[in-house]
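Enquirer: Below is the file coords_34.cif, with mmCIF, C-alpha atoms.
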data_start
#
loop_
_atom_site.label_atom_id
_atom_site.label_comp_id
_atom_site.auth_asym_id
_atom_site.auth_seq_id
_atom_site.Cartn_x
_atom_site.Cartn_y
_atom_site.Cartn_z
CA MET A 452 89.48 67.88 26.67
CA SER A 453 89.04 64.99 29.09
CA LEU A 454 90.78 65.09 32.45
CA SER A 455 89.63 61.64 33.48
CA GLU A 456 91.78 60.10 36.24
CA ARG A 457 93.58 63.42 36.81
CA VAL A 458 93.80 65.00 40.26
CA ALA A 459 93.53 68.78 40.62
CA LEU A 460 94.09 71.19 43.48
CA VAL A 461 92.48 74.63 43.26
CA THR A 462 93.55 77.10 45.94
CA GLY A 463 90.88 79.54 47.01
CA GLY A 464 88.37 77.21 45.40
CA SER A 465 85.44 77.79 47.72
CA ARG A 466 83.78 80.66 45.86
CA GLY A 467 83.89 83.02 42.89
CA ILE A 468 86.46 82.28 40.21
CA GLY A 469 87.92 79.39 42.22
CA ARG A 470 84.54 77.71 42.52
CA ALA A 471 83.88 78.10 38.79
CA ILE A 472 87.26 76.51 38.02
CA CYS A 473 86.54 73.60 40.37
CA LEU A 474 83.21 72.96 38.67
CA ARG A 475 84.74 73.14 35.19
CA LEU A 476 87.66 70.80 35.96
CA ALA A 477 85.34 68.31 37.66
CA ALA A 478 83.00 68.38 34.68
CA MET A 479 86.00 67.42 32.53
CA GLY A 480 86.58 64.36 34.70
CA ALA A 481 89.21 65.47 37.22
CA LYS A 482 88.95 64.76 40.92
CA VAL A 483 89.15 68.22 42.46
CA TYR A 484 90.48 69.26 45.85
CA VAL A 485 88.85 72.52 46.92
CA ASN A 486 91.21 74.56 49.08
CA TYR A 487 89.99 77.07 51.64
CA VAL A 488 91.36 78.92 54.67
CA ALA A 489 88.41 80.00 56.80
CA GLY A 490 85.40 79.35 54.57
CA ALA A 491 84.84 75.67 55.28
CA GLY A 492 81.11 76.02 54.68
CA ALA A 493 81.62 77.61 51.27
CA ALA A 494 84.16 74.92 50.34
CA ASP A 495 81.70 72.20 51.35
CA GLU A 496 79.08 73.90 49.19
CA THR A 497 81.43 73.79 46.21
CA VAL A 498 82.09 70.10 46.87
CA ALA A 499 78.35 69.45 47.05
CA MET A 500 77.82 71.28 43.74
CA VAL A 501 80.46 69.12 42.09
CA ASN A 502 79.01 65.92 43.52
CA ARG A 503 75.46 66.83 42.46
CA ALA A 504 76.74 67.29 38.92
CA GLY A 505 78.25 63.80 38.97
CA GLY A 506 81.83 64.83 39.64
CA ALA A 507 84.27 64.07 42.42
CA ALA A 508 85.61 66.61 44.91
CA GLU A 509 86.88 67.00 48.44
CA SER A 510 87.65 70.07 50.53
CA ILE A 511 91.13 70.66 51.91
CA GLY A 512 91.90 73.45 54.36
CA PHE A 513 95.26 75.21 54.57
CA ASP A 514 96.72 78.70 54.31
CA VAL A 515 98.82 79.07 51.15
CA ALA A 516 100.97 81.66 52.96
CA ASP A 517 102.02 79.01 55.51
CA SER A 518 104.82 76.95 53.96
CA ALA A 519 104.60 74.14 56.50
CA ALA A 520 100.83 73.85 56.10
CA VAL A 521 101.13 73.72 52.30
CA LYS A 522 103.81 71.03 52.46
CA ALA A 523 101.76 68.90 54.88
CA ALA A 524 98.52 69.25 52.93
CA ILE A 525 99.99 68.43 49.52
CA SER A 526 101.98 65.54 51.00
CA THR A 527 98.77 64.10 52.46
CA LEU A 528 96.87 64.64 49.21
CA VAL A 529 99.52 62.83 47.18
CA LYS A 530 99.73 60.03 49.72
CA ASP A 531 95.96 59.53 49.48
CA THR A 532 95.65 59.75 45.69
CA GLY A 533 99.10 58.71 44.48
CA ARG A 534 99.33 61.78 42.26
CA LEU A 535 98.77 65.48 41.68
CA ASP A 536 98.37 66.48 38.05
CA ILE A 537 96.90 69.99 38.07
CA LEU A 538 97.53 72.97 40.34
CA VAL A 539 95.52 76.16 39.99
CA ASN A 540 96.89 78.99 42.12
CA ASN A 541 93.79 81.11 42.59
CA ALA A 542 93.93 82.12 46.27
CA GLY A 543 94.27 85.86 46.65
CA ILE A 544 93.48 88.79 48.92
CA THR A 545 93.41 92.58 48.65
CA ARG A 546 94.40 95.28 51.12
CA ASP A 547 93.76 98.38 49.03
CA ILE A 548 94.99 101.77 50.16
CA LEU A 549 97.17 104.51 48.67
CA MET A 550 100.87 103.78 49.05
CA MET A 551 101.58 106.77 51.29
CA LYS A 552 99.16 105.31 53.84
CA MET A 553 100.03 101.65 53.35
CA LYS A 554 101.43 99.84 56.39
CA ASP A 555 103.98 97.05 56.16
CA GLU A 556 101.31 94.60 57.28
CA ALA A 557 99.11 95.37 54.25
CA TRP A 558 102.06 94.90 51.89
CA ASP A 559 103.26 91.68 53.54
CA ALA A 560 99.82 90.07 53.73
CA VAL A 561 99.13 90.51 50.02
CA ILE A 562 102.61 89.45 48.88
CA ASP A 563 102.57 86.43 51.19
CA THR A 564 99.22 85.13 49.94
CA ASN A 565 99.18 86.20 46.30
CA LEU A 566 102.82 85.61 45.35
CA LYS A 567 104.63 83.61 48.00
CA GLY A 568 101.60 81.31 48.26
CA ALA A 569 101.83 80.46 44.57
CA PHE A 570 105.58 79.87 44.87
CA VAL A 571 105.19 77.49 47.81
CA CYS A 572 102.32 75.56 46.22
CA ILE A 573 104.27 75.16 42.97
CA ARG A 574 107.39 74.01 44.82
CA GLU A 575 105.45 71.26 46.59
CA ALA A 576 103.25 70.28 43.62
CA MET A 577 106.05 70.03 41.09
CA ARG A 578 107.55 66.96 42.76
CA PRO A 579 104.66 64.55 42.10
CA MET A 580 104.20 66.12 38.66
CA MET A 581 107.84 65.50 37.80
CA LYS A 582 107.50 61.93 39.01
CA GLY A 583 104.53 61.41 36.72
CA ARG A 584 106.14 63.43 33.90
CA TRP A 585 102.86 65.28 33.35
CA GLY A 586 101.49 68.38 34.93
CA ARG A 587 99.55 71.58 34.47
CA ILE A 588 100.14 74.64 36.62
CA VAL A 589 97.79 77.57 36.10
CA ASN A 590 98.33 80.83 37.97
CA ILE A 591 95.43 83.25 38.24
CA GLY A 592 96.85 86.74 37.87
CA SER A 593 95.09 90.01 37.13
CA VAL A 594 94.93 92.80 34.59
CA ILE A 595 96.24 94.97 37.44
CA GLY A 596 99.54 93.08 37.32
CA PHE A 597 100.02 94.37 33.77
CA SER A 598 98.42 97.83 33.89
CA GLY A 599 98.94 98.86 37.53
CA ASN A 600 96.30 100.67 39.56
CA ALA A 601 96.34 103.47 42.09
CA GLY A 602 95.65 102.22 45.59
CA GLN A 603 96.77 98.69 44.76
CA VAL A 604 100.56 98.79 44.71
CA ASN A 605 100.76 95.64 46.86
CA TYR A 606 98.25 93.73 44.72
CA ALA A 607 99.80 94.94 41.45
CA ALA A 608 103.30 93.99 42.60
CA ALA A 609 102.18 90.52 43.64
CA LYS A 610 100.34 89.86 40.39
CA ALA A 611 103.20 91.26 38.30
CA GLY A 612 105.57 89.02 40.23
CA LEU A 613 103.33 86.10 39.35
CA VAL A 614 104.08 86.75 35.67
CA GLY A 615 107.82 86.42 36.22
CA LEU A 616 107.31 83.37 38.42
CA THR A 617 105.15 81.72 35.75
CA ARG A 618 107.63 82.27 32.94
CA SER A 619 110.67 81.22 34.95
CA VAL A 620 109.12 78.02 36.28
CA ALA A 621 107.81 77.25 32.79
CA ARG A 622 111.40 77.20 31.54
CA GLU A 623 112.53 74.98 34.41
CA LEU A 624 109.78 72.40 33.92
CA ALA A 625 109.24 72.40 30.15
CA GLY A 626 111.38 69.30 29.65
CA ARG A 627 109.42 67.37 32.28
CA GLY A 628 106.07 67.36 30.52
CA ILE A 629 104.77 70.13 32.79
CA THR A 630 103.31 73.38 31.48
CA VAL A 631 103.07 76.57 33.53
CA ASN A 632 100.71 79.30 32.37
CA GLY A 633 98.47 82.02 33.71
CA VAL A 634 95.12 83.69 33.27
CA ALA A 635 94.81 87.43 33.87
CA PRO A 636 91.18 88.37 34.53
CA GLY A 637 89.91 91.90 34.16
CA TYR A 638 86.91 93.09 36.14
CA ILE A 639 84.87 89.99 36.93
CA ASP A 640 81.43 89.90 38.54
CA THR A 641 82.28 88.17 41.84
CA ASP A 642 81.95 88.81 45.57
CA MET A 643 85.03 91.02 45.36
CA THR A 644 83.34 93.43 42.93
CA SER A 645 79.77 93.09 44.18
CA GLY A 646 80.43 95.66 46.90
CA LEU A 647 81.28 98.39 44.39
CA ASN A 648 78.63 101.07 44.01
CA ASP A 649 76.84 101.67 40.71
CA GLU A 650 78.91 104.76 39.89
CA ILE A 651 82.17 102.85 40.16
CA LYS A 652 80.79 99.90 38.18
CA THR A 653 79.64 102.27 35.42
CA ALA A 654 83.10 103.85 35.29
CA ILE A 655 84.74 100.41 35.08
CA ILE A 656 82.48 99.19 32.31
CA ALA A 657 83.15 102.38 30.35
CA ARG A 658 86.81 101.24 30.14
CA VAL A 659 85.90 97.82 28.75
CA PRO A 660 85.40 97.62 24.95
CA MET A 661 82.95 94.73 25.38
CA ALA A 662 80.93 97.00 27.72
CA ARG A 663 80.35 94.46 30.48
CA MET A 664 82.04 92.77 33.37
CA GLY A 665 83.22 89.23 32.84
CA SER A 666 81.88 86.17 34.62
CA ALA A 667 83.73 83.64 36.75
CA GLU A 668 82.89 81.09 34.06
CA ASP A 669 84.76 83.18 31.47
CA VAL A 670 87.92 82.83 33.55
CA ALA A 671 87.27 79.16 34.33
CA ALA A 672 87.02 78.34 30.63
CA ALA A 673 90.49 79.74 29.96
CA ALA A 674 91.99 78.03 33.02
CA ALA A 675 90.41 74.70 32.10
CA TRP A 676 91.81 74.86 28.58
CA LEU A 677 95.31 75.52 29.90
CA ALA A 678 94.88 72.55 32.26
CA SER A 679 93.78 70.25 29.44
CA PRO A 680 95.73 68.01 27.05
CA GLU A 681 94.76 70.44 24.28
CA ALA A 682 97.25 73.00 25.64
CA ALA A 683 100.21 70.62 25.69
CA TYR A 684 102.43 72.92 23.60
CA VAL A 685 101.58 76.13 25.46
CA THR A 686 103.78 77.22 28.35
CA GLY A 687 104.99 80.46 29.90
CA GLN A 688 101.93 82.32 28.59
CA PHE A 689 99.17 84.48 30.06
CA ILE A 690 95.66 84.56 28.62
CA HIS A 691 93.98 87.92 29.15
CA VAL A 692 90.29 87.58 30.00
CA ASN A 693 89.24 91.20 30.26
CA GLY A 694 86.85 92.08 27.44
CA GLY A 695 89.56 94.06 25.66
CA MET A 696 90.31 96.37 28.58
CA PHE A 697 94.04 95.60 28.31
CA MET A 698 95.73 94.25 25.19
CA GLY A 699 99.33 93.38 25.80
#
Render the structure in this file as structure tokens.

Expert:
Amino acid sequence: MSLSERVALVTGGSRGIGRAICLRLAAMGAKVYVNYVAGAGAADETVAMVNRAGGAAESIGFDVADSAAVKAAISTLVKDTGRLDILVNNAGITRDILMMKMKDEAWDAVIDTNLKGAFVCIREAMRPMMKGRWGRIVNIGSVIGFSGNAGQVNYAAAKAGLVGLTRSVARELAGRGITVNGVAPGYIDTDMTSGLNDEIKTAIIARVPMARMGSAEDVAAAAAWLASPEAAYVTGQFIHVNGGMFMG
């Protein structure tokens, strides 16, 4: 599963699942660009972790919800490296609240980052991939996009939209040597879930047949496989990494 000489961009790569994906892709030989918005220090830490392990990485700051910033950043990346082979759309935010209390701003912010951000990054990344007639696009979704969840209508809508985006783009790019797939994590032990109290964590785990939360590395392993040459005949698919919580 070598990715030697490949160039990868991981949005939201500074921590959690994004960091684990960066480390896995770099270990497979790819040069990894670690995207961040405000967490420059965390992104630099991810880069340092990759470099200490013998890999190659650089940080790259831009907001995926800003079309102009995405276009400028990817243009500069491709100008510097001559290519972009792998895009992992991992950047995401939450603004959880029941729908009857949800303001437009909470809806727009989540849709802009979690769905529009993936669309814009794909639109800019597909050009160098088409030129090279090889590419891997991996969208990080969520079990919530398939099952829904009270208090997360914005997040669920964005992640469900990501499924349709993935399958539609997969059809458009299949003849160009580019695959487009997704990974849908369940409840993963990251910064996002670390703030949950023990009662909530116990209730979550009770819904998981494997009786544990997943790790960021569990998700990274699936994403890395989809980004590898081994998955050359897989496109338009979502791998569910949720311990059996949702089987669809």

Enquirer: Quick one: residues within 6 Å of stretch 512-526 of chain A, only C-alpha atoms, excluding same-chain residues fewer than 6 positions away - as a tab-separated table (two decimals) with C-alpha atoms, in the coordinates of the input?

Expert:
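So the final result, stored in result08.tsv, reads:
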chain	number	residue	atom	x	y	z
A	486	ASN	CA	91.21	74.56	49.08
A	487	TYR	CA	89.99	77.07	51.64
A	488	VAL	CA	91.36	78.92	54.67
A	563	ASP	CA	102.57	86.43	51.19
A	564	THR	CA	99.22	85.13	49.94
A	568	GLY	CA	101.60	81.31	48.26

Enquirer: Pick out the closest residue to A:Leu454 from this set: A:Phe570, A:Phe697, A:Phe597, A:Trp676. Count all atoms listed in the file.

Expert: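 Going through A:Phe570, A:Phe697, A:Phe597, A:Trp676 one by one, the smallest distance to A:Leu454 is for A:Trp676.
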
Enquirer: Provide the atom CA of A:Arg618 to atom CA of A:Ala675 distance in Å, to one decimal place.

Expert: 18.8 Å

Enquirer: Kindly assemble as a Markdown table a list of the stretch 623-668 of chain A residues that lie within 9 Å of stretch 684-690 of chain A, each paired with its nearest atom pair and their distance in Å to one decimal, using all atoms listed in the file, sorted first by chain and then by ascending residue number.

Expert:
| residue | atom | partner | partner_atom | distance |
| --- | --- | --- | --- | --- |
| A:Ala625 | CA | A:Thr686 | CA | 7.5 |
| A:Ile629 | CA | A:Thr686 | CA | 8.4 |
| A:Thr630 | CA | A:Thr686 | CA | 5.0 |
| A:Val631 | CA | A:Thr686 | CA | 5.3 |
| A:Asn632 | CA | A:Gln688 | CA | 5.0 |
| A:Gly633 | CA | A:Phe689 | CA | 4.5 |
| A:Val634 | CA | A:Ile690 | CA | 4.8 |
| A:Ala635 | CA | A:Ile690 | CA | 6.0 |
| A:Pro636 | CA | A:Ile690 | CA | 8.3 |

Enquirer: With only C-alpha atoms as the basis for distance, which of A:Leu624, A:Ala678, A:Ala607, A:Ala560 is at the shortest distance from A:Gly480?

Expert: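 Closest to A:Gly480 of all the choices is A:Ala678.
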
Enquirer: Find the residue from A:Tyr638, A:Arg546, A:Arg622, A:Lys482 that sits nearest to A:Ala654; use all atoms listed in the file when measuring.

Expert: A:Tyr638

Enquirer: Could you check how far atom CA of A:Ala481 sits from atom CA of A:Ala611, in Å to one decimal?

Expert: 29.4 Å

Enquirer: Counting only C-alpha atoms, write as a PDB file with C-alpha atoms, keeping the file's coordinate frame all protein and nucleic acid residues lying at most 8 Å from (78.3, 91.4, 33.4) in the file's frame.

Expert:
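Saved the output as result_33.pdb:
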ATOM      1  CA  ILE A 639      84.870  89.990  36.930  1.00  0.00           C
ATOM      2  CA  ASP A 640      81.430  89.900  38.540  1.00  0.00           C
ATOM      3  CA  ARG A 663      80.350  94.460  30.480  1.00  0.00           C
ATOM      4  CA  MET A 664      82.040  92.770  33.370  1.00  0.00           C
ATOM      5  CA  GLY A 665      83.220  89.230  32.840  1.00  0.00           C
ATOM      6  CA  SER A 666      81.880  86.170  34.620  1.00  0.00           C
TER       7      SER A 666
END

Enquirer: Closest to A:Cys572 among A:Ala662, A:Met452, A:Leu460, A:Met479, using only C-alpha atoms?

Expert: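 Once distances to A:Cys572 are computed over only C-alpha atoms, the minimum belongs to A:Leu460.
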
Enquirer: Can you pull out every residue within 9 Å of A:Met696, counting only C-alpha atoms, but drop anything in the same chain fewer than 2 positions away, and send it as a PDB file with C-alpha atoms, keeping the file's coordinate frame?

Expert:
ATOM      1  CA  VAL A 594      94.930  92.800  34.590  1.00  0.00           C
ATOM      2  CA  GLY A 637      89.910  91.900  34.160  1.00  0.00           C
ATOM      3  CA  TYR A 638      86.910  93.090  36.140  1.00  0.00           C
ATOM      4  CA  ARG A 658      86.810 101.240  30.140  1.00  0.00           C
ATOM      5  CA  VAL A 659      85.900  97.820  28.750  1.00  0.00           C
ATOM      6  CA  PRO A 660      85.400  97.620  24.950  1.00  0.00           C
ATOM      7  CA  MET A 661      82.950  94.730  25.380  1.00  0.00           C
ATOM      8  CA  VAL A 692      90.290  87.580  30.000  1.00  0.00           C
ATOM      9  CA  ASN A 693      89.240  91.200  30.260  1.00  0.00           C
ATOM     10  CA  GLY A 694      86.850  92.080  27.440  1.00  0.00           C
ATOM     11  CA  MET A 698      95.730  94.250  25.190  1.00  0.00           C
TER      12      MET A 698
END
